[in-house]
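> The structure file protein07.cif (mmCIF, C-alpha atoms) is provided below.
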data_start
loop_
_atom_site.label_atom_id
_atom_site.label_comp_id
_atom_site.auth_asym_id
_atom_site.auth_seq_id
_atom_site.Cartn_x
_atom_site.Cartn_y
_atom_site.Cartn_z
CA MET A 298 0.00 0.00 0.00
CA ASN A 299 1.51 3.31 -1.01
CA LEU A 300 1.43 6.44 1.15
CA SER A 301 -1.39 8.04 -0.81
CA LYS A 302 -3.66 5.03 -0.41
CA LEU A 303 -2.79 4.70 3.28
CA ASN A 304 -3.69 8.36 3.71
CA ARG A 305 -7.02 7.89 1.94
CA VAL A 306 -7.92 4.73 3.85
CA THR A 307 -6.98 6.32 7.18
CA HIS A 308 -9.05 9.40 6.40
CA ARG A 309 -12.02 7.31 5.30
CA ASP A 310 -12.11 4.81 8.15
CA ILE A 311 -11.28 7.21 11.00
CA GLY A 312 -13.84 9.56 9.45
CA TYR A 313 -16.51 6.88 9.65
CA LEU A 314 -15.54 6.13 13.25
CA ILE A 315 -15.79 9.68 14.49
CA ALA A 316 -18.81 10.81 12.47
CA GLY A 317 -21.25 10.25 15.34
CA LEU A 318 -19.11 11.96 17.94
CA THR A 319 -18.38 14.88 15.63
CA ILE A 320 -22.12 15.47 15.25
CA ILE A 321 -22.59 15.25 19.03
CA TYR A 322 -19.90 17.85 19.68
CA ALA A 323 -21.02 20.07 16.80
CA ILE A 324 -24.70 20.20 17.77
CA SER A 325 -24.02 20.61 21.48
CA GLY A 326 -21.33 23.15 20.63
CA ILE A 327 -23.89 25.35 18.87
CA ALA A 328 -26.34 24.84 21.73
CA LEU A 329 -23.80 25.78 24.38
CA ASN A 330 -22.48 28.69 22.32
CA HIS A 331 -25.86 30.32 22.78
CA LYS A 332 -26.41 29.44 26.41
CA ASN A 333 -26.93 33.10 27.24
CA ASP A 334 -29.87 33.15 24.86
CA TRP A 335 -31.56 29.98 25.98
CA ASN A 336 -31.16 27.12 28.40
CA PRO A 337 -29.74 24.30 26.29
CA ASN A 338 -30.33 21.66 28.96
CA TYR A 339 -33.76 22.34 30.37
CA ILE A 340 -37.15 23.50 29.25
CA ILE A 341 -38.53 25.77 31.93
CA ASP A 342 -42.25 26.33 31.81
CA SER A 343 -43.25 29.39 33.86
CA HIS A 344 -46.69 30.48 34.98
CA ASP A 345 -47.43 33.50 37.12
CA PHE A 346 -49.93 33.35 39.94
CA THR A 347 -51.12 35.40 42.85
CA ALA A 348 -51.72 34.06 46.32
CA PRO A 349 -52.32 36.39 49.26
CA ILE A 350 -50.22 35.37 52.22
CA THR A 351 -50.46 36.84 55.69
CA LYS A 352 -47.89 34.84 57.60
CA ASP A 353 -44.29 35.70 58.29
CA ARG A 354 -41.63 33.08 58.05
CA GLU A 355 -41.64 32.31 61.78
CA SER A 356 -45.25 31.16 61.61
CA PHE A 357 -45.18 29.75 58.09
CA ASN A 358 -45.26 25.96 57.93
CA SER A 359 -45.80 23.08 55.52
CA ASP A 360 -49.59 23.34 55.86
CA ASP A 361 -49.41 26.91 54.61
CA ALA A 362 -47.25 25.79 51.72
CA LYS A 363 -49.73 23.06 50.85
CA SER A 364 -52.57 25.53 51.15
CA ILE A 365 -50.92 27.74 48.53
CA LEU A 366 -50.49 24.75 46.27
CA LYS A 367 -54.09 23.74 46.89
CA SER A 368 -55.25 27.12 45.64
CA LEU A 369 -53.30 26.33 42.47
CA GLY A 370 -54.74 22.84 42.22
CA ILE A 371 -51.42 21.09 42.73
CA GLU A 372 -51.46 20.21 46.41
CA ASP A 373 -50.45 16.61 45.69
CA GLU A 374 -47.18 17.75 44.18
CA TYR A 375 -45.79 19.21 47.41
CA LYS A 376 -42.23 18.17 48.33
CA ALA A 377 -40.83 20.78 50.74
CA TYR A 378 -40.47 24.49 51.23
CA HIS A 379 -37.65 26.92 51.86
CA PHE A 380 -38.22 30.28 53.53
CA PRO A 381 -34.94 32.13 54.10
CA ALA A 382 -34.67 35.69 55.37
CA GLY A 383 -36.38 38.14 53.08
CA ASN A 384 -39.74 38.08 51.43
CA ARG A 385 -39.60 35.03 49.23
CA VAL A 386 -40.74 31.55 49.97
CA THR A 387 -39.97 28.70 47.61
CA ILE A 388 -42.24 25.68 47.59
CA PHE A 389 -40.73 22.68 45.89
CA ILE A 390 -43.03 20.51 43.84
CA ASN A 391 -42.49 17.50 41.65
CA GLY A 392 -40.49 18.67 38.67
CA GLY A 393 -40.10 22.25 39.76
CA PHE A 394 -41.06 24.86 42.30
CA ALA A 395 -43.40 27.69 43.11
CA GLN A 396 -41.89 30.89 44.40
CA LEU A 397 -43.93 33.58 46.07
CA ASN A 398 -43.17 37.12 47.07
CA THR A 399 -44.84 37.30 50.45
CA GLU A 400 -45.18 41.08 50.33
CA THR A 401 -46.84 41.39 46.95
CA GLY A 402 -48.50 37.97 46.79
CA ILE A 403 -47.10 37.58 43.29
CA GLY A 404 -45.49 34.30 42.44
CA VAL A 405 -44.36 32.04 39.69
CA ILE A 406 -44.49 28.32 39.13
CA GLU A 407 -41.65 26.86 37.17
CA ARG A 408 -41.63 23.34 35.88
CA ILE A 409 -38.27 22.08 34.76
CA SER A 410 -37.84 19.26 32.29
CA LYS A 411 -34.88 17.98 30.35
CA ARG A 412 -34.66 19.32 26.83
CA PRO A 413 -34.86 16.20 24.68
CA VAL A 414 -31.73 15.28 22.74
CA PHE A 415 -29.88 18.47 23.69
CA TYR A 416 -29.70 17.50 27.36
CA GLN A 417 -28.05 14.19 26.48
CA LEU A 418 -25.71 15.73 23.90
CA ASN A 419 -24.67 18.52 26.27
CA PHE A 420 -24.21 15.98 29.03
CA LEU A 421 -21.58 14.25 26.93
CA HIS A 422 -20.06 17.53 25.76
CA TYR A 423 -19.53 18.65 29.36
CA ASN A 424 -17.27 15.68 30.11
CA PRO A 425 -19.41 13.56 32.44
CA GLY A 426 -16.64 11.34 33.76
CA ARG A 427 -13.09 10.19 33.67
CA TRP A 428 -13.50 7.52 30.99
CA TRP A 429 -15.35 9.88 28.74
CA LYS A 430 -12.45 12.29 29.12
CA TYR A 431 -10.03 9.70 27.78
CA PHE A 432 -12.49 8.70 25.08
CA SER A 433 -12.98 12.28 23.94
CA ASP A 434 -9.19 12.81 24.00
CA LEU A 435 -8.93 9.94 21.54
CA PHE A 436 -11.67 11.54 19.50
CA CYS A 437 -9.77 14.82 19.37
CA LEU A 438 -6.61 13.04 18.27
CA ALA A 439 -8.63 11.25 15.60
CA LEU A 440 -10.08 14.58 14.49
CA ILE A 441 -6.56 15.97 14.09
CA LEU A 442 -5.60 12.88 12.13
CA VAL A 443 -8.62 13.18 9.85
CA THR A 444 -7.85 16.84 9.30
CA PHE A 445 -4.24 16.23 8.35
CA THR A 446 -5.02 13.27 6.11
CA GLY A 447 -7.78 15.36 4.56
CA LEU A 448 -5.25 17.99 3.52
CA PHE A 449 -3.45 15.49 1.32
CA LEU A 450 -6.41 13.64 -0.17
CA VAL A 451 -6.51 15.45 -3.47
CA LYS A 452 -3.65 16.14 -5.81
CA GLY A 453 -3.39 18.57 -8.69
CA ARG A 454 -4.82 22.07 -8.95
CA ASN A 455 -7.36 21.44 -6.19
CA GLY A 456 -4.73 19.95 -3.90
CA ILE A 457 -2.85 21.32 -0.94
CA THR A 458 -0.21 22.96 -3.11
CA LYS A 459 -2.67 25.21 -4.98
CA ARG A 460 -6.36 25.79 -4.27
CA GLY A 461 -6.10 23.78 -1.05
CA ALA A 462 -3.26 25.95 0.19
CA ILE A 463 -5.25 29.15 -0.31
CA LEU A 464 -8.32 27.82 1.48
CA THR A 465 -6.24 26.37 4.31
CA VAL A 466 -4.46 29.67 4.85
CA ILE A 467 -7.82 31.49 4.89
CA GLY A 468 -9.01 29.03 7.50
CA ILE A 469 -6.00 29.82 9.66
CA ILE A 470 -6.20 33.58 9.15
CA LEU A 471 -9.87 33.83 10.14
CA PRO A 472 -9.39 32.78 13.79
CA LEU A 473 -6.25 34.90 13.94
CA LEU A 474 -8.32 37.89 12.86
CA PHE A 475 -10.71 37.26 15.72
CA LEU A 476 -7.74 37.13 18.08
CA ILE A 477 -6.62 40.54 16.83
CA ILE A 478 -10.17 41.98 16.99
CA TYR A 479 -10.75 40.77 20.56
CA MET B 1023 -24.72 -5.89 8.45
CA ILE B 1024 -26.37 -2.48 8.75
CA LYS B 1025 -29.36 -4.09 10.46
CA ARG B 1026 -27.01 -5.64 13.02
CA ILE B 1027 -25.30 -2.31 13.67
CA ILE B 1028 -28.66 -0.56 14.13
CA SER B 1029 -29.76 -3.33 16.49
CA LEU B 1030 -26.60 -2.97 18.56
CA ILE B 1031 -27.02 0.82 18.75
CA SER B 1032 -30.65 0.40 19.82
CA ILE B 1033 -29.70 -2.05 22.57
CA ALA B 1034 -26.94 0.28 23.79
CA ALA B 1035 -29.38 3.19 23.86
CA VAL B 1036 -31.93 1.20 25.89
CA ILE B 1037 -29.28 0.03 28.36
CA SER B 1038 -27.99 3.59 28.67
CA SER B 1039 -31.44 5.02 29.37
CA CYS B 1040 -32.17 2.32 31.97
CA ASN B 1041 -28.89 3.07 33.67
CA ASN B 1042 -29.76 6.77 33.95
CA SER B 1043 -33.09 6.18 35.66
CA GLY B 1044 -31.69 5.22 39.05
CA LYS B 1045 -31.84 8.19 41.36
CA LYS B 1046 -30.65 6.89 44.66
CA VAL B 1047 -26.94 7.22 44.47
CA ALA B 1048 -24.72 9.32 42.28
CA ALA B 1049 -21.15 8.81 41.30
CA SER B 1050 -18.24 8.55 43.62
CA GLN B 1051 -14.55 8.55 43.02
CA SER B 1052 -13.22 5.38 44.49
CA ASP B 1053 -9.60 6.41 44.26
CA GLN B 1054 -10.20 9.34 46.59
CA SER B 1055 -12.46 7.58 49.02
CA GLY B 1056 -11.53 7.77 52.64
CA LYS B 1057 -13.91 6.83 55.37
CA ALA B 1058 -16.37 9.66 55.63
CA GLU B 1059 -17.36 11.07 58.99
CA LYS B 1060 -21.05 11.74 59.48
CA VAL B 1061 -21.54 15.29 60.70
CA GLU B 1062 -24.62 17.18 61.82
CA PHE B 1063 -25.31 20.20 59.64
CA ALA B 1064 -25.50 22.37 62.77
CA SER B 1065 -22.02 21.20 63.85
CA LEU B 1066 -20.63 22.13 60.49
CA VAL B 1067 -22.24 25.55 60.69
CA ALA B 1068 -20.96 26.11 64.24
CA ASN B 1069 -17.41 24.90 63.68
CA PRO B 1070 -16.53 24.66 60.01
CA ASP B 1071 -12.82 24.88 60.79
CA ASN B 1072 -13.00 21.49 62.49
CA TYR B 1073 -13.85 19.86 59.19
CA ILE B 1074 -11.52 21.57 56.75
CA GLY B 1075 -9.84 18.95 54.59
CA LYS B 1076 -12.04 16.18 55.95
CA ASN B 1077 -14.29 13.87 54.02
CA ILE B 1078 -17.70 14.13 55.68
CA ILE B 1079 -21.31 13.19 55.16
CA VAL B 1080 -23.90 15.81 55.94
CA GLU B 1081 -27.66 15.73 55.59
CA GLY B 1082 -29.74 18.60 54.36
CA LYS B 1083 -32.49 19.84 52.10
CA VAL B 1084 -31.63 20.79 48.53
CA VAL B 1085 -32.76 24.36 47.97
CA HIS B 1086 -31.00 25.13 44.74
CA VAL B 1087 -29.52 23.32 41.78
CA CYS B 1088 -27.83 25.29 39.05
CA THR B 1089 -29.63 24.68 35.78
CA GLU B 1090 -26.82 26.14 33.74
CA SER B 1091 -23.70 24.29 34.78
CA GLY B 1092 -25.51 21.59 36.73
CA LYS B 1093 -22.46 21.40 38.97
CA LYS B 1094 -23.68 23.56 41.84
CA LEU B 1095 -25.92 22.34 44.60
CA PHE B 1096 -26.96 24.15 47.76
CA ILE B 1097 -28.33 22.47 50.84
CA VAL B 1098 -29.63 23.79 54.15
CA GLY B 1099 -30.10 22.27 57.56
CA GLU B 1100 -32.34 23.54 60.34
CA ASN B 1101 -31.43 27.15 59.66
CA PRO B 1102 -32.81 28.11 56.24
CA ASP B 1103 -30.41 31.05 56.01
CA ILE B 1104 -27.20 29.02 56.06
CA ARG B 1105 -26.54 27.19 52.85
CA LEU B 1106 -23.73 24.79 52.11
CA TYR B 1107 -22.35 25.05 48.61
CA VAL B 1108 -21.64 21.63 47.13
CA ALA B 1109 -19.51 21.73 44.01
CA ALA B 1110 -19.19 18.82 41.62
CA GLY B 1111 -15.76 18.63 40.06
CA GLU B 1112 -14.77 18.16 36.48
CA ASN B 1113 -15.08 14.39 36.59
CA MET B 1114 -18.48 14.36 38.26
CA PRO B 1115 -21.81 14.25 36.48
CA LYS B 1116 -24.30 17.07 36.76
CA PHE B 1117 -26.75 17.20 39.62
CA PRO B 1118 -30.23 16.18 38.50
CA MET B 1119 -32.87 18.87 38.84
CA ASP B 1120 -35.27 16.54 40.60
CA LEU B 1121 -33.10 16.87 43.69
CA LEU B 1122 -34.75 20.24 44.31
CA GLY B 1123 -36.60 20.07 47.62
CA SER B 1124 -35.26 16.60 48.44
CA GLU B 1125 -33.61 15.57 51.67
CA VAL B 1126 -30.18 14.22 50.82
CA SER B 1127 -27.04 12.87 52.43
CA VAL B 1128 -24.05 14.34 50.66
CA GLU B 1129 -20.50 13.14 50.96
CA GLY B 1130 -17.59 15.39 50.16
CA VAL B 1131 -14.45 17.11 51.32
CA ILE B 1132 -14.78 20.43 53.08
CA THR B 1133 -12.48 23.18 51.89
CA ARG B 1134 -12.10 26.83 52.70
CA VAL B 1135 -11.53 29.43 50.01
CA GLY B 1136 -10.20 32.97 50.23
CA GLY B 1137 -13.39 34.71 49.16
CA PRO B 1138 -17.07 33.98 48.56
CA ALA B 1139 -17.23 30.28 47.75
CA VAL B 1140 -19.04 30.44 44.43
CA ALA B 1141 -16.87 33.24 43.07
CA MET B 1142 -13.74 31.30 43.93
CA VAL B 1143 -14.86 28.17 42.21
CA GLU B 1144 -15.98 29.84 39.03
CA GLY B 1145 -14.16 32.79 37.65
CA GLU B 1146 -17.17 33.79 35.62
CA SER B 1147 -20.27 35.84 35.99
CA HIS B 1148 -23.10 34.05 37.73
CA SER B 1149 -25.76 35.19 35.45
CA GLU B 1150 -28.31 32.44 35.44
CA GLY B 1151 -31.31 33.38 33.42
CA MET B 1152 -33.01 30.10 34.09
CA ASP B 1153 -32.05 29.90 37.68
CA ALA B 1154 -34.24 28.36 40.31
CA GLN B 1155 -34.23 31.42 42.55
CA LYS B 1156 -35.84 34.44 40.98
CA ILE B 1157 -37.02 37.73 42.22
CA PRO B 1158 -40.52 39.01 41.59
CA GLU B 1159 -40.35 42.47 40.13
CA ALA B 1160 -41.96 45.18 42.18
CA GLY B 1161 -45.32 46.05 40.77
CA GLY B 1162 -45.29 43.40 38.10
CA ASN B 1163 -45.91 39.75 37.91
CA LYS B 1164 -42.91 38.79 35.91
CA MET B 1165 -39.99 37.14 37.57
CA SER B 1166 -36.93 39.11 36.80
CA ALA B 1167 -33.28 39.25 36.71
CA ASP B 1168 -30.49 37.13 35.62
CA SER B 1169 -28.68 37.18 38.88
CA CYS B 1170 -28.46 34.14 41.05
CA GLU B 1171 -29.94 35.10 44.36
CA THR B 1172 -28.75 31.98 46.09
CA GLU B 1173 -25.14 32.79 45.35
CA THR B 1174 -25.59 36.36 46.52
CA ALA B 1175 -27.21 35.12 49.72
CA LEU B 1176 -24.38 32.65 50.26
CA ALA B 1177 -21.81 35.42 50.17
CA GLY B 1178 -23.64 37.25 52.97
CA GLN B 1179 -24.05 34.29 55.28
CA SER B 1180 -22.76 34.38 58.84
CA SER B 1181 -21.24 30.94 58.37
CA LEU B 1182 -20.11 28.72 55.48
CA ALA B 1183 -19.85 31.73 53.15
CA ASN B 1184 -16.35 30.72 52.12
CA ILE B 1185 -16.76 26.98 52.56
CA ILE B 1186 -17.14 24.52 49.71
CA MET B 1187 -17.93 20.86 49.88
CA GLU B 1188 -16.13 19.08 47.06
CA TYR B 1189 -18.76 16.60 46.07
CA ARG B 1190 -18.17 12.87 45.99
CA SER B 1191 -21.56 11.23 46.21
CA HIS B 1192 -25.09 11.68 47.45
CA THR B 1193 -28.05 9.63 48.52
CA VAL B 1194 -31.65 10.77 48.41
CA LYS B 1195 -33.35 10.02 51.70
#
Once more with this new file: its structure as structure tokens, please.

Amino acid sequence: MNLSKLNRVTHRDIGYLIAGLTIIYAISGIALNHKNDWNPNYIIDSHDFTAPITKDRESFNSDDAKSILKSLGIEDEYKAYHFPAGNRVTIFINGGFAQLNTETGIGVIERISKRPVFYQLNFLHYNPGRWWKYFSDLFCLALILVTFTGLFLVKGRNGITKRGAILTVIGIILPLLFLIIY
Amino acid sequence: MIKRIISLISIAAVISSCNNSGKKVAASQSDQSGKAEKVEFASLVANPDNYIGKNIIVEGKVVHVCTESGKKLFIVGENPDIRLYVAAGENMPKFPMDLLGSEVSVEGVITRVGGPAVAMVEGESHSEGMDAQKIPEAGGNKMSADSCETETALAGQSSLANIIMEYRSHTVK
């Protein structure tokens, strides 16, 4: 097997191997890139409500919390409550919480659920454990290998010595430009 | 051949999803495990210095889980104003959101940091638009603000403000 064929075979087979992982990192990368615009991991469903409350936190108890939930029709979902100093009480329910401003009686219920697909992809992207770290290191090395073998796939005027060289240099200059801009 | 590959992927996916459904115990790092000392939350609050560098188990109620990083958990004991910040390290999975409001036993190593605990762990802004603790706007019914109130409250605590528990494992009671 000559060098050119070895290069092609390596590029092809490693490319097949890492296709799935590349998609995982690419999709979750876009999702996490915009994490200031949305929550890529969870869908948070919010509903406002009002519930007059007359008790302070010294006298507030679980019955009061359940009573608030009862007025919202979700008494059965009660888990616990948290009433730190200040004017906000948080009542935990299955899959979320209700939070109430005890001065204004204005509150919000938030139900939190995993965003399908994205949660799982982001979970992997965020390096969930030691073995995944090693696995993703291998993936990165494979990505480098695929990139380098890809540079030498084509010969002639579209190869790395002509058209390929120009495009490769552009691809290197672009991130450098961002470095200069920032 | 392709049918076999698809079958294998399907089986792996099913096994993976079954494995994720267990909620009792989270991960632990066996290579760092020392025998953990069970400590009352109140003892930790009263004398945090006694536990610096020690692997302990403490029980408390989960009052906050960070939806953004998933690596921050806050628990309280009897006193609702004193929170313990539990930080999951790089090699730990995220905390599941269904821990909110649950009574848990958490194992981890207590460490002291030079400033507010959360700020020391993360050198980034704590803007959490989807955070669990939100502030009702005065005169309106929309919950506001991208600031994490729990982290702000932690910094002002009379105890444990600069204490972090480096998470190892937890059990839901």
> So how many Å separate atom CA of A:His308 and atom CA of A:Thr444, to one decimal?
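Taking atom CA of A:His308 as the start and atom CA of A:Thr444 as the end point, the length is 8.1 Å.
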> Dump as number ranges by chain the residues of chain A that approach chain B to within 7 Å, counting all atoms listed in the file.
A: 336, 345, 376-382, 389, 392, 398, 403-404, 424-427
> So which residues are close to (-34.1, 22.7, 31.9), meaning at most 8 Å away in the file's coordinates with all atoms listed in the file counted, and can you show them as a PyMOL selection string?
(chain A and resi 336-341+409-412) or (chain B and resi 1089+1152)
> Output the residue selection produced by the PyMOL selection byres ((chain A and resi 448-465) around 12) on the file above, formatted as an MDAnalysis selection string.
chainID A and resid 300:309 441:447 466:472
> Quick one: distance from atom CA of B:Gln1179 to atom CA of B:Phe1096 in Å, one decimal?
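We find that atom CA of B:Gln1179 and atom CA of B:Phe1096 lie 13.0 Å from each other.
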> Measuring atom to atom with only C-alpha atoms, identify which of B:Arg1190, B:Lys1060, B:Lys1093, B:Lys1195 is nearest to B:Glu1129.
B:Arg1190
> Stretch 447-468 of chain A from the block above, N, CA and C atoms, as a PDB file, in the first residue's frame, please?

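Once everything was written out, this is selection24.pdb:
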ATOM      1  N   GLY A 447      -6.882  14.678   5.490  1.00  0.00           N
ATOM      2  CA  GLY A 447      -7.777  15.359   4.556  1.00  0.00           C
ATOM      3  C   GLY A 447      -7.049  16.380   3.705  1.00  0.00           C
ATOM      4  N   LEU A 448      -6.025  16.988   4.268  1.00  0.00           N
ATOM      5  CA  LEU A 448      -5.254  17.990   3.523  1.00  0.00           C
ATOM      6  C   LEU A 448      -4.566  17.389   2.300  1.00  0.00           C
ATOM      7  N   PHE A 449      -4.243  16.111   2.400  1.00  0.00           N
ATOM      8  CA  PHE A 449      -3.454  15.486   1.324  1.00  0.00           C
ATOM      9  C   PHE A 449      -4.259  14.472   0.509  1.00  0.00           C
ATOM     10  N   LEU A 450      -5.552  14.584   0.561  1.00  0.00           N
ATOM     11  CA  LEU A 450      -6.413  13.642  -0.172  1.00  0.00           C
ATOM     12  C   LEU A 450      -6.342  13.854  -1.679  1.00  0.00           C
ATOM     13  N   VAL A 451      -6.385  15.119  -2.046  1.00  0.00           N
ATOM     14  CA  VAL A 451      -6.508  15.452  -3.473  1.00  0.00           C
ATOM     15  C   VAL A 451      -5.186  16.011  -3.994  1.00  0.00           C
ATOM     16  N   LYS A 452      -4.848  15.592  -5.172  1.00  0.00           N
ATOM     17  CA  LYS A 452      -3.646  16.138  -5.811  1.00  0.00           C
ATOM     18  C   LYS A 452      -4.061  17.052  -6.976  1.00  0.00           C
ATOM     19  N   GLY A 453      -3.083  17.732  -7.523  1.00  0.00           N
ATOM     20  CA  GLY A 453      -3.387  18.571  -8.687  1.00  0.00           C
ATOM     21  C   GLY A 453      -3.771  19.979  -8.299  1.00  0.00           C
ATOM     22  N   ARG A 454      -4.544  20.634  -9.172  1.00  0.00           N
ATOM     23  CA  ARG A 454      -4.820  22.067  -8.953  1.00  0.00           C
ATOM     24  C   ARG A 454      -5.767  22.320  -7.779  1.00  0.00           C
ATOM     25  N   ASN A 455      -6.505  21.282  -7.369  1.00  0.00           N
ATOM     26  CA  ASN A 455      -7.364  21.437  -6.192  1.00  0.00           C
ATOM     27  C   ASN A 455      -6.697  20.924  -4.913  1.00  0.00           C
ATOM     28  N   GLY A 456      -5.443  20.525  -5.034  1.00  0.00           N
ATOM     29  CA  GLY A 456      -4.731  19.947  -3.898  1.00  0.00           C
ATOM     30  C   GLY A 456      -4.136  20.982  -2.961  1.00  0.00           C
ATOM     31  N   ILE A 457      -3.389  20.465  -2.000  1.00  0.00           N
ATOM     32  CA  ILE A 457      -2.850  21.315  -0.937  1.00  0.00           C
ATOM     33  C   ILE A 457      -1.797  22.296  -1.440  1.00  0.00           C
ATOM     34  N   THR A 458      -1.242  22.036  -2.610  1.00  0.00           N
ATOM     35  CA  THR A 458      -0.212  22.961  -3.108  1.00  0.00           C
ATOM     36  C   THR A 458      -0.797  24.155  -3.844  1.00  0.00           C
ATOM     37  N   LYS A 459      -2.074  24.080  -4.242  1.00  0.00           N
ATOM     38  CA  LYS A 459      -2.665  25.206  -4.980  1.00  0.00           C
ATOM     39  C   LYS A 459      -3.935  25.719  -4.287  1.00  0.00           C
ATOM     40  N   ARG A 460      -5.078  25.318  -4.827  1.00  0.00           N
ATOM     41  CA  ARG A 460      -6.357  25.792  -4.268  1.00  0.00           C
ATOM     42  C   ARG A 460      -6.465  25.439  -2.779  1.00  0.00           C
ATOM     43  N   GLY A 461      -6.048  24.227  -2.442  1.00  0.00           N
ATOM     44  CA  GLY A 461      -6.104  23.777  -1.050  1.00  0.00           C
ATOM     45  C   GLY A 461      -5.285  24.657  -0.130  1.00  0.00           C
ATOM     46  N   ALA A 462      -4.144  25.095  -0.625  1.00  0.00           N
ATOM     47  CA  ALA A 462      -3.259  25.948   0.192  1.00  0.00           C
ATOM     48  C   ALA A 462      -3.939  27.269   0.508  1.00  0.00           C
ATOM     49  N   ILE A 463      -4.589  27.847  -0.511  1.00  0.00           N
ATOM     50  CA  ILE A 463      -5.253  29.151  -0.314  1.00  0.00           C
ATOM     51  C   ILE A 463      -6.369  29.022   0.729  1.00  0.00           C
ATOM     52  N   LEU A 464      -7.200  27.984   0.558  1.00  0.00           N
ATOM     53  CA  LEU A 464      -8.324  27.822   1.484  1.00  0.00           C
ATOM     54  C   LEU A 464      -7.837  27.500   2.903  1.00  0.00           C
ATOM     55  N   THR A 465      -6.776  26.706   2.994  1.00  0.00           N
ATOM     56  CA  THR A 465      -6.239  26.370   4.312  1.00  0.00           C
ATOM     57  C   THR A 465      -5.703  27.618   5.012  1.00  0.00           C
ATOM     58  N   VAL A 466      -4.998  28.437   4.259  1.00  0.00           N
ATOM     59  CA  VAL A 466      -4.458  29.671   4.849  1.00  0.00           C
ATOM     60  C   VAL A 466      -5.600  30.588   5.300  1.00  0.00           C
ATOM     61  N   ILE A 467      -6.653  30.671   4.487  1.00  0.00           N
ATOM     62  CA  ILE A 467      -7.818  31.492   4.887  1.00  0.00           C
ATOM     63  C   ILE A 467      -8.385  30.956   6.204  1.00  0.00           C
ATOM     64  N   GLY A 468      -8.461  29.642   6.290  1.00  0.00           N
ATOM     65  CA  GLY A 468      -9.009  29.026   7.500  1.00  0.00           C
ATOM     66  C   GLY A 468      -8.164  29.264   8.732  1.00  0.00           C
TER      67      GLY A 468
END
